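Asker: Okay, handing you the structure first.
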Amino acid sequence: MTDLTLNARQKKLLSILNARHNVETGKELAAKLGVSERTVRNDIRAINSKLKQYEIQILPQYGKGYTISVNNREVYLQLFSEKANYETKEDRIRTMMLRLIRENDWYELGNLEDEMFVSRTTLESDIRAMRQRVSVRYPYLQIRRQGNYIKFEKDEIKRRALLIRLYAENWDYDSRDGIVLKQDEFGRERLEEIQDVFKDELYRCQTDLDDFGLIYMVLAIAVMQFRVNGGNTIEVFEKKGESQGIAAVVRYVLDVLKELWQIELQENEYLWLSDIFYQIQILNTQNMTKAAVLGYTYPVCHNIVREMLQQVKNVYGLDFTTDDRLFADLCVHVQTLKNGIIAPQIQHHVFGDELRNRYPLLGDICHFLKNRLGQECEVLLGKDEEDYLLPFLISAQRTLYQKIRGRGLSTVVISHFNGSVTHFLMEQLKKFYGDILDLHGPYPVHGKERANQDEPMLIITTVRMKDFRRLLHAPMLTVSPLLDEEDQARLEHCLTDIKCKLLYPEKKRSIQEYIRPDMIYKMKNKESLSSVIAAIQDRFYVKKYMVEKVAVDLENDYLAILPNGFVFMYQEDAYITDTVLSVVKLERAISWKYARNIRAIMFMALRPEDRTQLGWFYHLAFELAGNIQLLDSVIEKESLENLENVDKK
């Protein structure tokens with residue numbers, strides 16, 4: 001077999017197409033990979049050239065984009081296996097961990113250097129990173145050093161926990177065949193054998209697991225068998241939780257498999273696997289009530305979640321503290337984190353960025369929660385954790401909004417048309433917004449004064465009249481009875497503004513009061529996002545809006561990548577004299593990671609006491625990102641009042 005090594009970007013390109021199961025445009029691929037469309041085309045040619053003989057090809061769908069055809073799934077999976085994949089630091093660390101787990105004796109560093117083709121300096125850096133990942137945090141597997149030799153501590157439970165996690169991270173969740181990535185220890189046949197026995201018993205007991213739960217259990221059993229065959233058994237085990245039903249399922253499955261495999265299993269192996277199954281089943285429980293979750297999760301998890309939700313309320317102004325469903329979901333998640341059950345949720349890697357683009361404030365909150373959970377649970381969490389949390393928060397915000405608006409937003413309809421046309425308009429509004437708008441009227445134009453008695457939050461009218469705004473004290477929108485796409489877009493825009501007013505704390509000041517005209521300008525060519533941010537900070541410092549400059553950490557701080565190459569980022573610290581907003585348009589587009597064609601940046605120096613106002617600033621950023629004409633008029637200072645108009649909608 002020829003060299004199948006692909007670089008990290010090419011592997012990500014294959015992964016994206018494999019996950020989408022449909023056509024992806026060159027522009028979309030370029031944006032996700034952080035390269036030009038030309039580079040995408042070059043990568044596709046290189047991939048197709050290497051993989052043609054193995055019937056793996058990226059196919060163009062003319063006028064639509066690209067899709068993937070995989071007729072040899074085994075070779076596809078080998079592309080992501082550990083062999084000869086040392087392109088990135090991640091590849092090297094993973095390979096090193098697998099080597100040390102398998103080896104009970106000392107491992108010579110020189111052998112690792114030769115195997116991975118790296119210098120001693122690079123290897124030492126990788127060892128430090130590995131220590132941060134597995135020794136300082138869960139599973140707290142200590143690394144021993146003795147001169148030029150290294151090994152993991154001999155703790156079988158910790159080694160297995162790490163081994164399962166490494167394999168779970170690399171399961172091919174998105175393949176049509178659902179096959180685990182090829183490993184030396186156990187092949188496809190063994191994994192399918194375990195899966196068949198386990199699934200049959202689950203079906204017989206009418207117990208459900210999602211795909212991740214099933215994969216995790218299959219891998220746990222495979223790891224157990226591999227380790228036992230190698231003479232590595234669990235000598236002492238203390239149960240965290242179990243039920244008779246779970247113990248019975250595990251005992252039946254292991255009894256069947258040990259007969260097939262002709263191996264002996266000690267009682268501690270049954271206890272260890274039953275405990276894992278218990279935690280997985282908690283994670284898989286559907287429609288969990290708060291009362292039920294309080295009964296089978298740890299009190300320490302309840303306290304962590306309560307404190308986090310209170311912090312979200314204090315810091316961001318969104319009150320999720322009474323959302324029982326969110327509380328239940330987070331308690332289960334925290335418990336699984338504390339028990340080391342959850343591997344990074346790589347299924348979400350394609351969709352996380354798309355959701356963040358739509359819900360940037362909630363993305364910010366997920367970043368905050370990820371950092372808090374990492375500290376509380378002492379685990380290394382990354383962007384995949386934010387991807388996992390984001391759908392929970394989107395649902396929670398929707399629930400909160402529905403609770404606040406009650407039966408619907410009080411909406412008055414004023415129509416100058418006759419009865420049949422007005423009836424048609426009302427039916428259109430009910431069809432598209434029946435559960436959102438609480439409709440009043442319709443009132444005729446000559447009876448418009450009566451509209452205020454309904455205390456409307458929104459007025460929908462079919463005619464423009466100068467005195468409407470003087471008489472009626474609510475946002476007003478003129479539509480056609482057809483309620484066409486343009487009308488619906490403007491109505492959705494108006495509803496978003498109202499939603500912000502209901503969800504976010506009342507503004508302390510108008511948007512204009514945060515703006516300094518000398519902080520809205522065009523910037524000449526810069527090579528990177530970090531240099532752009534540094535230049536903006538310099539101006540803040542010169543203008544004395546900051547008393548001290550502190551470099552931003554683009555790797556760890558949160559920034560919102562919004563439509564049309566617009567980026568919003570803020571810096572919060574006590575050295576900031578006042579909350580000040582800067583909007584900068586770049587003369588030449590730049591790129592950062594997977595964000596291409598960044599053309600405008602909204603950067604804010606934020607005092608800690610103003611952080612609860614963040615929702616309004618994200619709203620403004622979203623307005624500017626979606627309205628190029630508005631952004632241009634602001635940059636040209638044709639009318640800074642345009643920002644105030646956004647504020648008053």
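Chain labels run A, B, ... following the order of the structure tokens; each chain numbers its residues from 1, and ligands are numbered from 1 in the order shown.
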So that I can check the secondary structure, give me every residue of segment 420-504 of chain A assigned strand (DSSP E) by backbone DSSP, as number ranges by chain.
Answerer: A: 437-443, 458-461, 476-478
Asker: Go ahead and save the residues from that selection, with C-alpha atoms, as an mmCIF file, in the first residue's frame.
Answerer:
data_model
loop_
_atom_site.group_PDB
_atom_site.id
_atom_site.type_symbol
_atom_site.label_atom_id
_atom_site.label_comp_id
_atom_site.auth_asym_id
_atom_site.auth_seq_id
_atom_site.Cartn_x
_atom_site.Cartn_y
_atom_site.Cartn_z
ATOM 1 C CA LEU A 437 -48.264 37.137 18.257
ATOM 2 C CA ASP A 438 -51.364 37.776 20.370
ATOM 3 C CA LEU A 439 -53.378 39.594 17.702
ATOM 4 C CA HIS A 440 -55.835 42.409 18.493
ATOM 5 C CA GLY A 441 -58.122 44.036 15.950
ATOM 6 C CA PRO A 442 -58.177 44.551 13.110
ATOM 7 C CA TYR A 443 -58.958 48.222 13.643
ATOM 8 C CA LEU A 458 -46.062 45.853 18.136
ATOM 9 C CA ILE A 459 -48.363 47.527 15.603
ATOM 10 C CA ILE A 460 -48.845 46.023 12.143
ATOM 11 C CA THR A 461 -50.509 48.328 9.630
ATOM 12 C CA MET A 476 -44.747 49.960 13.904
ATOM 13 C CA LEU A 477 -44.433 47.915 10.727
ATOM 14 C CA THR A 478 -46.252 48.463 7.417
#
Asker: Pick out each residue of segment 65-176 of chain A that DSSP on the backbone tags as alpha helix (DSSP H); I need them as a PyMOL selection string.
Answerer: chain A and resi 73-78+89-102+109-116+120-134+156-169
Asker: List as a list of chain:residue names the protein and nucleic acid residues near Arg490 of chain A, meaning an atom at most 10 Å away when only C-alpha atoms are counted, but skip any in the same chain fewer than 4 places from it.
Answerer: A:Leu477, A:Thr478, A:Val479, A:Glu485, A:Glu486, A:Cys494, A:Leu495, A:Thr496
Asker: Create the file for the chosen residues now, containing N, CA and C atoms and written as a PDB file, in the first residue's frame.
Answerer:
ATOM      1  N   LEU A 477     -44.906  48.534  11.955  1.00  0.00           N
ATOM      2  CA  LEU A 477     -44.433  47.915  10.727  1.00  0.00           C
ATOM      3  C   LEU A 477     -45.556  47.930   9.702  1.00  0.00           C
ATOM      4  N   THR A 478     -45.271  48.439   8.499  1.00  0.00           N
ATOM      5  CA  THR A 478     -46.252  48.463   7.417  1.00  0.00           C
ATOM      6  C   THR A 478     -46.010  47.274   6.498  1.00  0.00           C
ATOM      7  N   VAL A 479     -47.071  46.491   6.248  1.00  0.00           N
ATOM      8  CA  VAL A 479     -46.930  45.281   5.440  1.00  0.00           C
ATOM      9  C   VAL A 479     -48.004  45.235   4.375  1.00  0.00           C
ATOM     10  N   GLU A 485     -42.147  37.593   1.262  1.00  0.00           N
ATOM     11  CA  GLU A 485     -40.869  37.288   1.913  1.00  0.00           C
ATOM     12  C   GLU A 485     -40.219  38.537   2.505  1.00  0.00           C
ATOM     13  N   GLU A 486     -40.303  39.666   1.800  1.00  0.00           N
ATOM     14  CA  GLU A 486     -39.708  40.900   2.311  1.00  0.00           C
ATOM     15  C   GLU A 486     -40.426  41.355   3.583  1.00  0.00           C
ATOM     16  N   CYS A 494     -38.014  42.851  13.330  1.00  0.00           N
ATOM     17  CA  CYS A 494     -38.698  43.601  14.380  1.00  0.00           C
ATOM     18  C   CYS A 494     -38.930  42.722  15.612  1.00  0.00           C
ATOM     19  N   LEU A 495     -39.298  41.457  15.390  1.00  0.00           N
ATOM     20  CA  LEU A 495     -39.524  40.533  16.502  1.00  0.00           C
ATOM     21  C   LEU A 495     -38.225  40.260  17.264  1.00  0.00           C
ATOM     22  N   THR A 496     -37.108  40.228  16.547  1.00  0.00           N
ATOM     23  CA  THR A 496     -35.813  40.039  17.212  1.00  0.00           C
ATOM     24  C   THR A 496     -35.511  41.203  18.139  1.00  0.00           C
TER      25      THR A 496
END
Asker: Measuring between only C-alpha atoms, which one of A:His493, A:Arg204, A:Arg102, A:Lys508 shows the shortest distance to Leu162 of chain A?
Answerer: A:Arg102
Asker: Fewer than 4 positions away in the same chain doesn't count, so skip those; otherwise give me all residues within 8 Å of Glu378 of chain A, counting only C-alpha atoms, as JSON, numbers by chain.
Answerer: {"A": [136, 137, 138, 338, 373, 374]}
